[in-house]
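Have a look at work.cif; it's mmCIF, C-alpha atoms:
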data_input
loop_
_atom_site.label_atom_id
_atom_site.label_comp_id
_atom_site.auth_asym_id
_atom_site.auth_seq_id
_atom_site.Cartn_x
_atom_site.Cartn_y
_atom_site.Cartn_z
CA MET A 1 -84.29 326.05 212.26
CA ILE A 2 -82.74 323.24 210.25
CA ARG A 3 -82.53 323.92 206.52
CA PRO A 4 -82.76 321.24 203.83
CA LEU A 5 -79.21 320.45 202.78
CA SER A 6 -77.84 317.71 200.58
CA ARG A 7 -75.71 315.01 202.13
CA THR A 8 -72.75 315.96 199.94
CA ALA A 9 -72.89 319.61 201.04
CA LEU A 10 -73.15 318.62 204.70
CA ILE A 11 -70.17 316.26 204.42
CA LEU A 12 -68.10 318.98 202.74
CA ASP A 13 -68.97 321.46 205.50
CA ILE A 14 -68.04 318.97 208.24
CA VAL A 15 -64.78 317.98 206.56
CA GLY A 16 -63.82 321.63 205.94
CA ALA A 17 -64.61 322.59 209.54
CA ALA A 18 -62.61 319.60 210.84
CA LEU A 19 -59.56 320.53 208.76
CA LEU A 20 -59.68 324.13 209.98
CA PHE A 21 -60.00 322.88 213.55
CA LEU A 22 -56.96 320.59 213.17
CA VAL A 23 -54.86 323.40 211.66
CA LEU A 24 -55.91 326.46 213.68
CA THR A 25 -56.26 324.88 217.13
CA PRO A 26 -52.55 323.87 217.38
CA MET A 27 -51.63 327.31 216.04
CA SER A 28 -53.69 328.87 218.82
CA VAL A 29 -51.92 326.76 221.43
CA VAL A 30 -48.48 327.60 220.03
CA PHE A 31 -49.45 331.27 219.82
CA TYR A 32 -49.86 331.29 223.61
CA GLY A 33 -46.88 329.00 224.31
CA PRO A 34 -43.78 329.75 226.38
CA GLY A 35 -41.60 332.58 225.19
CA THR A 36 -44.42 334.57 223.62
CA GLY A 37 -44.91 336.84 226.57
CA ASN A 38 -48.26 335.28 227.45
CA GLN A 39 -49.22 332.57 229.90
CA ALA A 40 -47.35 329.30 229.70
CA ILE A 41 -48.86 326.24 228.14
CA ASN A 42 -50.52 323.84 230.57
CA GLY A 43 -53.21 321.20 230.42
CA VAL A 44 -56.01 323.58 231.37
CA ALA A 45 -55.00 326.11 228.71
CA VAL A 46 -54.81 323.44 226.01
CA ALA A 47 -58.18 322.02 227.07
CA ALA A 48 -59.80 325.48 227.04
CA VAL A 49 -58.48 326.26 223.57
CA ALA A 50 -59.58 322.83 222.32
CA VAL A 51 -63.10 323.20 223.75
CA ALA A 52 -63.46 326.73 222.39
CA GLY A 53 -62.20 325.62 218.98
CA PHE A 54 -64.48 322.57 218.98
CA LEU A 55 -67.54 324.71 219.71
CA MET A 56 -66.66 327.36 217.14
CA PHE A 57 -65.79 324.98 214.32
CA GLY A 58 -68.75 322.82 215.26
CA GLY A 59 -70.78 325.92 214.45
CA VAL A 60 -68.94 326.21 211.14
CA ALA A 61 -69.78 322.56 210.34
CA ILE A 62 -73.52 323.21 210.74
CA GLY A 63 -73.45 326.80 209.43
CA ARG A 64 -75.50 326.04 206.35
CA LEU A 65 -77.63 323.34 207.99
CA ALA A 66 -78.69 325.32 211.07
CA PRO A 67 -77.33 328.90 211.12
CA GLY A 68 -79.09 329.72 214.39
CA LEU A 69 -77.50 326.79 216.25
CA ALA A 70 -74.17 327.64 214.66
CA LEU A 71 -74.38 331.18 216.06
CA ALA A 72 -75.17 329.84 219.51
CA ALA A 73 -72.19 327.45 219.34
CA ALA A 74 -69.88 330.30 218.28
CA TRP A 75 -71.03 332.42 221.22
CA ALA A 76 -70.44 329.48 223.57
CA GLY A 77 -66.92 328.98 222.21
CA ALA A 78 -66.15 332.69 222.58
CA ALA A 79 -67.41 332.57 226.18
CA VAL A 80 -65.10 329.62 226.97
CA GLN A 81 -62.17 331.48 225.40
CA MET A 82 -62.80 334.64 227.45
CA LEU A 83 -63.41 332.71 230.70
CA ALA A 84 -60.03 331.04 230.18
CA GLY A 85 -58.45 334.48 229.89
CA PHE A 86 -57.28 334.23 226.29
CA GLY A 87 -57.20 337.16 223.91
CA PRO A 88 -57.68 336.91 220.14
CA LEU A 89 -56.68 333.49 218.75
CA PRO A 90 -56.48 331.99 215.25
CA ILE A 91 -59.54 329.86 216.06
CA ASP A 92 -61.57 333.09 216.14
CA PHE A 93 -61.61 332.85 212.35
CA ALA A 94 -64.51 330.44 212.89
CA ILE A 95 -66.60 333.30 214.29
CA LEU A 96 -66.30 335.16 210.99
CA LEU A 97 -67.45 332.07 209.08
CA VAL A 98 -70.45 331.62 211.38
CA LEU A 99 -71.49 335.28 211.02
CA TYR A 100 -71.22 334.83 207.24
CA ALA A 101 -73.50 331.78 207.48
CA THR A 102 -76.15 333.60 209.55
CA SER A 103 -76.57 336.33 206.95
CA ALA A 104 -76.17 334.08 203.90
CA TRP A 105 -78.47 331.18 204.82
CA GLY A 106 -80.28 332.08 208.04
CA THR A 107 -83.92 333.04 208.41
CA ARG A 108 -84.82 336.70 208.73
CA ARG A 109 -84.66 336.41 212.53
CA VAL A 110 -81.27 334.66 212.45
CA LEU A 111 -80.05 337.24 209.96
CA TRP A 112 -80.70 340.06 212.39
CA TRP A 113 -79.40 338.02 215.33
CA GLY A 114 -76.15 337.77 213.38
CA PHE A 115 -76.14 341.52 212.81
CA GLY A 116 -76.67 342.15 216.52
CA SER A 117 -73.95 339.65 217.35
CA ALA A 118 -71.49 341.52 215.12
CA LEU A 119 -72.21 344.79 216.96
CA VAL A 120 -72.42 343.42 220.50
CA GLY A 121 -69.58 340.95 219.90
CA GLY A 122 -67.31 343.73 218.66
CA LEU A 123 -68.11 345.84 221.72
CA ILE A 124 -67.55 342.94 224.14
CA ALA A 125 -64.30 341.97 222.39
CA ALA A 126 -62.95 345.52 222.61
CA LEU A 127 -63.87 345.92 226.30
CA TYR A 128 -62.47 342.47 227.08
CA MET A 129 -59.14 343.17 225.40
CA VAL A 130 -58.78 346.51 227.21
CA PHE A 131 -59.96 345.71 230.75
CA VAL A 132 -59.44 341.95 231.08
CA ASN A 133 -56.80 340.89 228.59
CA GLY A 134 -54.70 343.96 229.33
CA VAL A 135 -54.13 345.29 225.85
CA ALA A 136 -51.87 348.34 226.23
CA LEU A 137 -53.21 351.51 224.72
CA GLY A 138 -49.81 353.21 224.82
CA PRO A 139 -48.64 356.32 226.72
CA GLY A 140 -50.57 359.50 226.58
CA THR A 141 -53.39 361.39 228.17
CA GLY A 142 -56.69 359.87 229.14
CA TRP A 143 -58.30 361.30 226.00
CA GLU A 144 -55.68 359.62 223.82
CA LYS A 145 -56.35 356.29 225.51
CA VAL A 146 -60.08 356.74 224.98
CA THR A 147 -59.38 357.45 221.33
CA ALA A 148 -57.23 354.34 221.01
CA GLY A 149 -59.88 352.25 222.75
CA THR A 150 -62.55 353.62 220.40
CA LEU A 151 -60.37 352.73 217.43
CA LEU A 152 -60.01 349.19 218.80
CA LEU A 153 -63.80 348.98 219.13
CA ILE A 154 -64.28 350.17 215.54
CA VAL A 155 -61.78 347.64 214.22
CA SER A 156 -63.50 344.80 216.10
CA VAL A 157 -66.96 345.76 214.87
CA LEU A 158 -65.73 346.22 211.29
CA ALA A 159 -64.03 342.83 211.28
CA LEU A 160 -67.18 341.05 212.45
CA GLY A 161 -69.46 343.26 210.37
CA PHE A 162 -67.43 342.62 207.22
CA ALA A 163 -68.08 338.87 207.49
CA TRP A 164 -71.81 339.51 208.05
CA VAL A 165 -72.02 341.89 205.07
CA CYS A 166 -70.25 339.38 202.80
CA GLY A 167 -72.84 336.78 203.75
CA LEU A 168 -75.62 339.29 203.10
CA LEU A 169 -74.28 339.94 199.61
CA TRP A 170 -74.22 336.20 198.89
CA ARG A 171 -77.80 336.00 200.19
CA VAL A 172 -78.79 338.65 197.65
CA VAL A 173 -77.04 336.68 194.89
CA LEU A 174 -78.85 333.48 195.86
CA ARG A 175 -82.19 335.28 195.94
CA ALA A 176 -81.54 336.78 192.51
CA ARG A 177 -80.72 333.34 191.17
CA ARG A 178 -83.91 331.88 192.60
CA THR A 179 -85.93 334.77 191.19
CA ARG A 180 -84.35 334.33 187.77
CA SER A 181 -84.92 330.59 187.88
CA ALA A 182 -88.58 331.10 188.82
CA GLN A 183 -88.93 333.67 186.04
CA LEU A 184 -87.45 331.32 183.47
CA GLN A 185 -89.73 328.53 184.65
CA ALA A 186 -92.78 330.79 184.45
CA GLU A 187 -91.77 331.93 180.96
CA SER A 188 -91.31 328.31 179.90
CA LEU A 189 -94.73 327.35 181.25
CA ALA A 190 -96.30 330.37 179.55
CA ALA A 191 -94.64 329.48 176.24
CA GLU A 192 -95.84 325.89 176.53
CA GLU A 193 -99.36 327.07 177.31
CA GLN A 194 -99.33 329.44 174.32
CA GLU A 195 -98.09 326.61 172.10
CA ARG A 196 -100.79 324.29 173.41
CA VAL A 197 -103.49 326.89 172.80
CA ARG A 198 -102.13 327.61 169.31
CA ILE A 199 -102.15 323.94 168.34
CA ALA A 200 -105.62 323.47 169.83
CA ARG A 201 -106.85 326.50 167.88
CA ASP A 202 -105.31 325.22 164.63
CA MET A 203 -106.72 321.76 165.26
CA HIS A 204 -110.19 323.20 165.75
CA ASP A 205 -109.97 325.32 162.62
CA ILE A 206 -108.79 322.42 160.48
CA VAL A 207 -111.12 319.76 161.82
CA ALA A 208 -114.23 321.96 162.08
CA HIS A 209 -113.87 323.32 158.55
CA SER A 210 -113.05 319.95 157.00
CA LEU A 211 -115.90 318.17 158.77
CA ALA A 212 -118.33 320.90 157.75
CA VAL A 213 -117.35 320.40 154.11
CA VAL A 214 -117.50 316.60 154.45
CA ILE A 215 -120.95 316.72 156.06
CA ALA A 216 -122.32 319.06 153.41
CA GLN A 217 -120.92 316.92 150.60
CA ALA A 218 -122.18 313.71 152.21
CA ASP A 219 -125.71 315.15 152.51
CA GLY A 220 -125.61 316.23 148.89
CA ALA A 221 -124.29 312.85 147.74
CA ARG A 222 -127.03 311.05 149.63
CA TYR A 223 -129.78 313.02 147.88
CA ALA A 224 -128.10 312.85 144.47
CA ALA A 225 -127.27 309.14 144.60
CA ALA A 226 -130.71 308.10 143.31
CA THR A 227 -131.11 310.68 140.54
CA LYS A 228 -127.59 311.89 139.57
CA PRO A 229 -125.01 309.25 140.36
CA GLU A 230 -122.26 311.31 138.70
CA MET A 231 -122.82 314.13 141.21
CA ALA A 232 -122.65 311.64 144.04
CA THR A 233 -119.35 310.36 142.70
CA GLU A 234 -118.01 313.92 142.48
CA ALA A 235 -119.15 314.61 146.03
CA LEU A 236 -117.42 311.49 147.29
CA GLY A 237 -114.22 312.61 145.54
CA THR A 238 -114.49 315.98 147.28
CA ILE A 239 -115.02 314.25 150.62
CA ALA A 240 -111.94 312.11 150.05
CA SER A 241 -109.70 315.04 149.05
CA THR A 242 -110.94 317.19 151.93
CA ALA A 243 -110.36 314.38 154.43
CA ARG A 244 -106.86 313.76 153.07
CA GLY A 245 -105.99 317.46 153.36
CA ALA A 246 -107.32 317.59 156.91
CA LEU A 247 -105.40 314.44 157.84
CA SER A 248 -102.19 315.94 156.46
CA ASP A 249 -102.70 319.15 158.45
CA VAL A 250 -103.48 317.21 161.63
CA ARG A 251 -100.33 315.11 161.19
CA MET A 252 -98.28 318.28 160.82
CA LEU A 253 -99.75 319.68 164.05
CA LEU A 254 -99.08 316.44 165.90
CA THR A 255 -95.48 316.50 164.66
CA GLN A 256 -95.09 320.01 166.04
CA LEU A 257 -96.59 318.91 169.35
CA ARG A 258 -94.28 315.90 169.60
CA HIS A 259 -90.99 317.30 168.36
CA ARG A 260 -91.36 321.10 168.74
CA GLN A 261 -89.31 321.70 165.58
CA GLY A 262 -90.91 324.98 164.53
CA ASP A 263 -94.28 325.92 163.21
CA GLY A 264 -93.91 324.26 159.85
CA PRO A 265 -95.70 325.54 156.73
CA GLN A 266 -98.73 327.72 157.44
CA PRO A 267 -101.53 328.91 155.14
CA THR A 268 -101.07 332.22 153.30
CA LEU A 269 -103.22 334.46 151.13
CA ALA A 270 -102.32 332.25 148.17
CA ASP A 271 -104.32 329.43 149.79
CA LEU A 272 -107.54 331.45 150.03
CA GLU A 273 -108.70 330.41 146.58
CA ALA A 274 -108.44 326.74 147.56
CA LEU A 275 -110.43 327.56 150.71
CA PHE A 276 -113.15 329.27 148.68
CA ALA A 277 -113.22 326.27 146.31
CA GLN A 278 -113.84 323.91 149.23
CA VAL A 279 -116.67 326.13 150.42
CA ARG A 280 -118.23 326.11 146.95
CA GLN A 281 -118.01 322.33 146.83
CA ALA A 282 -119.94 322.27 150.10
CA GLY A 283 -122.82 324.10 148.41
CA VAL A 284 -122.10 327.62 149.65
CA GLU A 285 -121.23 330.30 147.12
CA PRO A 286 -119.04 332.98 148.74
CA LEU A 287 -119.25 336.40 147.10
CA VAL A 288 -115.73 337.73 147.59
CA THR A 289 -114.68 341.33 147.13
CA VAL A 290 -111.21 342.71 147.79
CA ASP A 291 -111.06 346.52 147.74
CA PRO A 292 -108.46 347.89 147.98
CA MET A 293 -105.94 345.21 147.11
CA PRO A 294 -102.91 344.48 149.34
CA PRO A 295 -100.29 347.24 148.90
CA GLY A 296 -97.50 344.67 149.08
CA GLU A 297 -96.63 341.39 150.76
CA PRO A 298 -98.36 341.43 154.17
CA PRO A 299 -96.54 339.90 157.17
CA GLY A 300 -96.86 336.14 157.52
CA SER A 301 -98.68 336.46 160.85
CA ILE A 302 -101.31 338.70 159.23
CA GLN A 303 -101.75 336.30 156.29
CA LEU A 304 -102.22 333.38 158.68
CA ALA A 305 -104.69 335.30 160.84
CA VAL A 306 -106.74 336.36 157.80
CA TYR A 307 -106.84 332.79 156.48
CA ARG A 308 -107.88 331.23 159.80
CA ILE A 309 -110.52 333.88 160.53
CA LEU A 310 -112.06 333.42 157.07
CA GLN A 311 -111.85 329.64 157.45
CA GLU A 312 -113.78 329.68 160.70
CA ALA A 313 -116.30 332.29 159.50
CA LEU A 314 -116.99 330.28 156.32
CA THR A 315 -117.29 327.08 158.36
CA ASN A 316 -119.98 328.75 160.45
CA ALA A 317 -121.68 329.88 157.25
CA ILE A 318 -121.72 326.29 155.97
CA ARG A 319 -123.13 324.98 159.24
CA HIS A 320 -125.64 327.71 160.06
CA GLY A 321 -126.20 329.71 156.85
CA ASP A 322 -128.67 329.40 154.00
CA GLY A 323 -126.05 329.06 151.27
CA THR A 324 -125.08 332.70 150.69
CA VAL A 325 -122.12 334.44 152.26
CA HIS A 326 -120.47 337.78 151.51
CA VAL A 327 -116.74 338.19 152.15
CA HIS A 328 -115.09 341.62 152.00
CA LEU A 329 -111.39 342.36 152.48
CA ALA A 330 -110.05 345.91 152.60
CA TRP A 331 -106.23 346.12 152.55
CA LEU A 332 -105.52 349.61 153.83
CA PRO A 333 -101.95 350.95 154.29
CA GLU A 334 -102.02 350.50 158.08
CA ARG A 335 -104.55 347.67 158.55
CA VAL A 336 -106.71 345.06 156.90
CA ASP A 337 -110.46 344.99 157.55
CA ILE A 338 -112.32 341.68 157.30
CA GLU A 339 -116.07 341.31 157.09
CA VAL A 340 -118.03 338.10 156.56
CA ARG A 341 -121.85 338.20 156.38
CA ASN A 342 -124.21 335.29 155.98
CA THR A 343 -127.93 334.89 156.41
CA VAL A 344 -128.74 332.51 159.25
CA SER A 345 -131.07 329.70 158.27
CA GLY A 346 -134.29 329.28 160.19
CA GLY A 347 -133.88 327.81 163.65
CA ALA A 348 -130.09 327.99 163.54
CA SER A 349 -128.15 329.77 166.21
CA THR A 350 -124.51 330.57 166.71
CA ALA A 351 -123.40 330.36 170.29
CA PRO A 352 -121.36 333.45 171.18
CA GLY A 353 -119.10 331.38 173.43
CA GLY A 354 -118.21 328.66 170.91
CA HIS A 355 -114.62 327.57 170.44
CA GLY A 356 -114.58 328.85 166.86
CA LEU A 357 -115.61 332.39 167.78
CA ILE A 358 -113.15 332.43 170.69
CA GLY A 359 -110.43 331.23 168.33
CA MET A 360 -111.16 334.01 165.84
CA ARG A 361 -110.92 336.64 168.55
CA GLU A 362 -107.65 335.14 169.78
CA ARG A 363 -106.28 335.19 166.22
CA ALA A 364 -107.02 338.88 165.96
CA GLN A 365 -105.67 339.72 169.41
CA LEU A 366 -102.39 337.86 168.81
CA VAL A 367 -101.50 340.23 165.97
CA GLY A 368 -102.71 343.32 167.86
CA GLY A 369 -106.15 343.55 166.24
CA SER A 370 -109.75 343.12 167.28
CA LEU A 371 -112.75 341.12 166.11
CA GLN A 372 -116.49 341.20 166.75
CA ALA A 373 -118.90 338.41 165.86
CA GLU A 374 -122.61 338.95 166.42
CA ARG A 375 -126.05 338.36 164.98
CA ARG A 376 -127.70 341.36 163.38
CA GLY A 377 -131.27 340.56 162.54
CA ALA A 378 -131.32 337.67 160.09
CA GLN A 379 -127.59 337.94 159.42
CA PHE A 380 -124.52 336.84 161.31
CA VAL A 381 -121.65 339.30 160.90
CA VAL A 382 -117.97 338.79 161.63
CA HIS A 383 -115.93 341.99 161.48
CA GLY A 384 -112.23 342.19 162.27
CA SER A 385 -109.47 344.75 161.95
CA LEU A 386 -105.82 343.68 161.96
CA PRO A 387 -102.89 346.14 162.03
CA ILE A 388 -100.16 345.76 159.41
CA GLY A 389 -96.49 346.33 160.11
CA GLN A 390 -96.66 346.45 163.94
CA GLY A 391 -94.79 343.25 164.62
CA GLY A 392 -97.77 341.25 165.81
CA GLU A 393 -96.94 337.83 167.20
CA GLN A 394 -97.46 334.98 164.80
CA ALA A 395 -100.32 332.80 165.87
#

Serialized structure, structure tokens:
Amino acid sequence: MIRPLSRTALILDIVGAALLFLVLTPMSVVFYGPGTGNQAINGVAVAAVAVAGFLMFGGVAIGRLAPGLALAAAWAGAAVQMLAGFGPLPIDFAILLVLYATSAWGTRRVLWWGFGSALVGGLIAALYMVFVNGVALGPGTGWEKVTAGTLLLIVSVLALGFAWVCGLLWRVVLRARRTRSAQLQAESLAAEEQERVRIARDMHDIVAHSLAVVIAQADGARYAAATKPEMATEALGTIASTARGALSDVRMLLTQLRHRQGDGPQPTLADLEALFAQVRQAGVEPLVTVDPMPPGEPPGSIQLAVYRILQEALTNAIRHGDGTVHVHLAWLPERVDIEVRNTVSGGASTAPGGHGLIGMRERAQLVGGSLQAERRGAQFVVHGSLPIGQGGEQA
């Protein structure tokens, strides 16, 4: 199998293999030259060494591109070397590099072919050196010679196996890198998705609440224009201020979306009074009770969640209620309970799958709490419970 490999990497592999061939092949010829106690140099010997070296280092050149073909080329070079009657040569270093490549970059099948080659190749090399190449095992009894031969076999297998194991370790490193890279990419995508959902949720809360106030004020101004022009003027002023505030909030969200420079300022409990004032201007009188009061300064994520949940619940009360809404906050030591009740006007319905209700539940879940929103008889009730001091994620 041919692996995808960049042109630069392939060129580097070919150049490196060529340099090793040019250095180690002459060394192999000189190693078996006259005066070394081995066969004399002749044209056939030089040609055999050159062919064996070309096949082996050709395998090195394509080791990363096609590890399976590289292993086959190394076996072919070793066969030429043994058929020519040569023992171990410097060019055999290429075999170690090829075994490394099979375990580092080969497929699972090539990986195990490399492992088998290390075992079988070590056995063949040991037998060849003893029975064909005439490696002397020294004086001694037959058992001592068997022991020496076994030691030679072990050394051969360990040499080849060491190269294969090194490649296997690098394979593990590469896999860990790919896993880490995939994990980082998944985390980045998850963070982007969470940011997108957060901005969409904030956008819905801001736009839905502001438009509900604007619509209510516009309806009131239309009816009052003929009889009480001053009330119409006041309503138009409220519409203008509400629209400006919504536009400012939307611009802030778009800036976050474009530049990702932090969350920017977010509503807190101190902004609740302004929220209640907007609701009153829309013709809905919220009856607010806070019992008990906050024991201290709640976490910013809890303050934001409380504000956004109340904002959406009051928006629904403006759109679907009859003008009366009860808000109750209970700041307990370990949690804050929120309850918003409003009477549903005749014919109105609140879809349980609306974006606003989904957003409220997400707000509660992000800080580790829970929220239920349901119709009970003539009333629509939103009840939420948010833990305090548990390190909930800021929405």

| note | Min atom-atom distance to A:Gly377 from the set A:Thr8, A:Ser103, A:Gln81, A:Ser345, counting only C-alpha atoms, belongs to A:Ser345

| task | Identify all residues satisfying the PyMOL selection byres ((chain A and resi 290) around 10) in the given file; provide them as a count of residues only. | result | 12

| request: Within 12 Å of A:Ala84, counting only C-alpha atoms, which residues show up once you throw out same-chain ones fewer than 3 positions away? Write them as a ChimeraX atom specification, please. | output: /A:39,42-52,77-81,87-88,132-133

| Answer key for the PyMOL selection byres ((chain A and resi 152-165) around 12), residues as number ranges by chain | A: 71, 88, 92-106, 110-130, 135-137, 145-151, 166-172

| request: Would you kindly return, as JSON, numbers by chain, each protein, DNA or RNA residue with an atom no farther than 9 Å from any atom of A:Leu20, considering only C-alpha atoms and excluding same-chain residues fewer than 5 positions away? | output: {"A": [15, 25, 57, 91, 94]}

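The spacing separating atom CA of A:Arg180 from atom CA of A:Pro67 amounts to 25.0 Å.
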
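Excluding A:Val306 itself and any same-chain residue fewer than 6 positions from it, the protein and nucleic acid residues within 9 Å of it, counting all atoms listed in the file, are Thr268, Leu269, Val336, Ile338, Arg363, Ala364 and Leu386 of chain A.
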
| Nearest to A:Glu362: which of A:Gly53, A:Pro267, A:Gly384, A:Gly323 is it, counting all atoms listed in the file? | A:Gly384

| Resolved residues for the PyMOL selection byres ((chain A and resi 373) around 7) as a PyMOL selection string | chain A and resi 371-372+374+381-383

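Across the model, the gap from atom CA of A:Pro387 to atom CA of A:Gly369 is 5.9 Å.
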
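You will find atom CA of A:Leu19 at 23.4 Å from atom CA of A:Ile2.
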
Please, could N, CA, C and O atoms be added to stretch 291-307 of chain A and the result written as a PDB file, in the coordinates of the input?
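Just written: part.pdb:
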ATOM      1  N   ASP A 291    -111.175 345.116 148.151  1.00  0.00           N
ATOM      2  CA  ASP A 291    -111.060 346.520 147.740  1.00  0.00           C
ATOM      3  C   ASP A 291    -110.685 347.359 148.970  1.00  0.00           C
ATOM      4  O   ASP A 291    -111.468 347.440 149.926  1.00  0.00           O
ATOM      5  N   PRO A 292    -109.513 347.971 148.997  1.00  0.00           N
ATOM      6  CA  PRO A 292    -108.460 347.890 147.980  1.00  0.00           C
ATOM      7  C   PRO A 292    -107.643 346.603 148.097  1.00  0.00           C
ATOM      8  O   PRO A 292    -107.774 345.874 149.079  1.00  0.00           O
ATOM      9  N   MET A 293    -106.800 346.380 147.128  1.00  0.00           N
ATOM     10  CA  MET A 293    -105.940 345.210 147.110  1.00  0.00           C
ATOM     11  C   MET A 293    -104.766 345.412 148.065  1.00  0.00           C
ATOM     12  O   MET A 293    -104.445 346.535 148.453  1.00  0.00           O
ATOM     13  N   PRO A 294    -104.079 344.325 148.453  1.00  0.00           N
ATOM     14  CA  PRO A 294    -102.910 344.480 149.340  1.00  0.00           C
ATOM     15  C   PRO A 294    -101.852 345.366 148.707  1.00  0.00           C
ATOM     16  O   PRO A 294    -101.517 345.195 147.536  1.00  0.00           O
ATOM     17  N   PRO A 295    -101.312 346.340 149.452  1.00  0.00           N
ATOM     18  CA  PRO A 295    -100.290 347.240 148.900  1.00  0.00           C
ATOM     19  C   PRO A 295     -98.958 346.561 148.659  1.00  0.00           C
ATOM     20  O   PRO A 295     -98.111 347.078 147.944  1.00  0.00           O
ATOM     21  N   GLY A 296     -98.749 345.400 149.245  1.00  0.00           N
ATOM     22  CA  GLY A 296     -97.500 344.670 149.080  1.00  0.00           C
ATOM     23  C   GLY A 296     -97.658 343.290 149.673  1.00  0.00           C
ATOM     24  O   GLY A 296     -98.769 342.747 149.725  1.00  0.00           O
ATOM     25  N   GLU A 297     -96.575 342.702 150.112  1.00  0.00           N
ATOM     26  CA  GLU A 297     -96.630 341.390 150.760  1.00  0.00           C
ATOM     27  C   GLU A 297     -96.874 341.584 152.251  1.00  0.00           C
ATOM     28  O   GLU A 297     -95.987 342.044 152.982  1.00  0.00           O
ATOM     29  N   PRO A 298     -98.076 341.258 152.741  1.00  0.00           N
ATOM     30  CA  PRO A 298     -98.360 341.430 154.170  1.00  0.00           C
ATOM     31  C   PRO A 298     -97.490 340.490 155.019  1.00  0.00           C
ATOM     32  O   PRO A 298     -97.013 339.466 154.522  1.00  0.00           O
ATOM     33  N   PRO A 299     -97.293 340.805 156.289  1.00  0.00           N
ATOM     34  CA  PRO A 299     -96.540 339.900 157.170  1.00  0.00           C
ATOM     35  C   PRO A 299     -97.188 338.527 157.240  1.00  0.00           C
ATOM     36  O   PRO A 299     -98.409 338.374 157.098  1.00  0.00           O
ATOM     37  N   GLY A 300     -96.348 337.509 157.471  1.00  0.00           N
ATOM     38  CA  GLY A 300     -96.860 336.140 157.520  1.00  0.00           C
ATOM     39  C   GLY A 300     -97.886 335.947 158.609  1.00  0.00           C
ATOM     40  O   GLY A 300     -98.855 335.192 158.431  1.00  0.00           O
ATOM     41  N   SER A 301     -97.712 336.608 159.759  1.00  0.00           N
ATOM     42  CA  SER A 301     -98.680 336.460 160.850  1.00  0.00           C
ATOM     43  C   SER A 301    -100.046 337.018 160.453  1.00  0.00           C
ATOM     44  O   SER A 301    -101.085 336.457 160.823  1.00  0.00           O
ATOM     45  N   ILE A 302    -100.045 338.115 159.680  1.00  0.00           N
ATOM     46  CA  ILE A 302    -101.310 338.700 159.230  1.00  0.00           C
ATOM     47  C   ILE A 302    -101.981 337.772 158.216  1.00  0.00           C
ATOM     48  O   ILE A 302    -103.199 337.549 158.254  1.00  0.00           O
ATOM     49  N   GLN A 303    -101.191 337.221 157.294  1.00  0.00           N
ATOM     50  CA  GLN A 303    -101.750 336.300 156.290  1.00  0.00           C
ATOM     51  C   GLN A 303    -102.383 335.087 156.969  1.00  0.00           C
ATOM     52  O   GLN A 303    -103.481 334.652 156.605  1.00  0.00           O
ATOM     53  N   LEU A 304    -101.679 334.536 157.970  1.00  0.00           N
ATOM     54  CA  LEU A 304    -102.220 333.380 158.680  1.00  0.00           C
ATOM     55  C   LEU A 304    -103.498 333.739 159.425  1.00  0.00           C
ATOM     56  O   LEU A 304    -104.485 332.980 159.402  1.00  0.00           O
ATOM     57  N   ALA A 305    -103.503 334.893 160.091  1.00  0.00           N
ATOM     58  CA  ALA A 305    -104.690 335.300 160.840  1.00  0.00           C
ATOM     59  C   ALA A 305    -105.882 335.503 159.903  1.00  0.00           C
ATOM     60  O   ALA A 305    -106.996 335.080 160.205  1.00  0.00           O
ATOM     61  N   VAL A 306    -105.658 336.157 158.761  1.00  0.00           N
ATOM     62  CA  VAL A 306    -106.740 336.360 157.800  1.00  0.00           C
ATOM     63  C   VAL A 306    -107.286 335.020 157.319  1.00  0.00           C
ATOM     64  O   VAL A 306    -108.509 334.803 157.250  1.00  0.00           O
ATOM     65  N   TYR A 307    -106.407 334.099 156.985  1.00  0.00           N
ATOM     66  CA  TYR A 307    -106.840 332.790 156.480  1.00  0.00           C
ATOM     67  C   TYR A 307    -107.670 332.067 157.537  1.00  0.00           C
ATOM     68  O   TYR A 307    -108.763 331.551 157.248  1.00  0.00           O
TER      69      TYR A 307
END
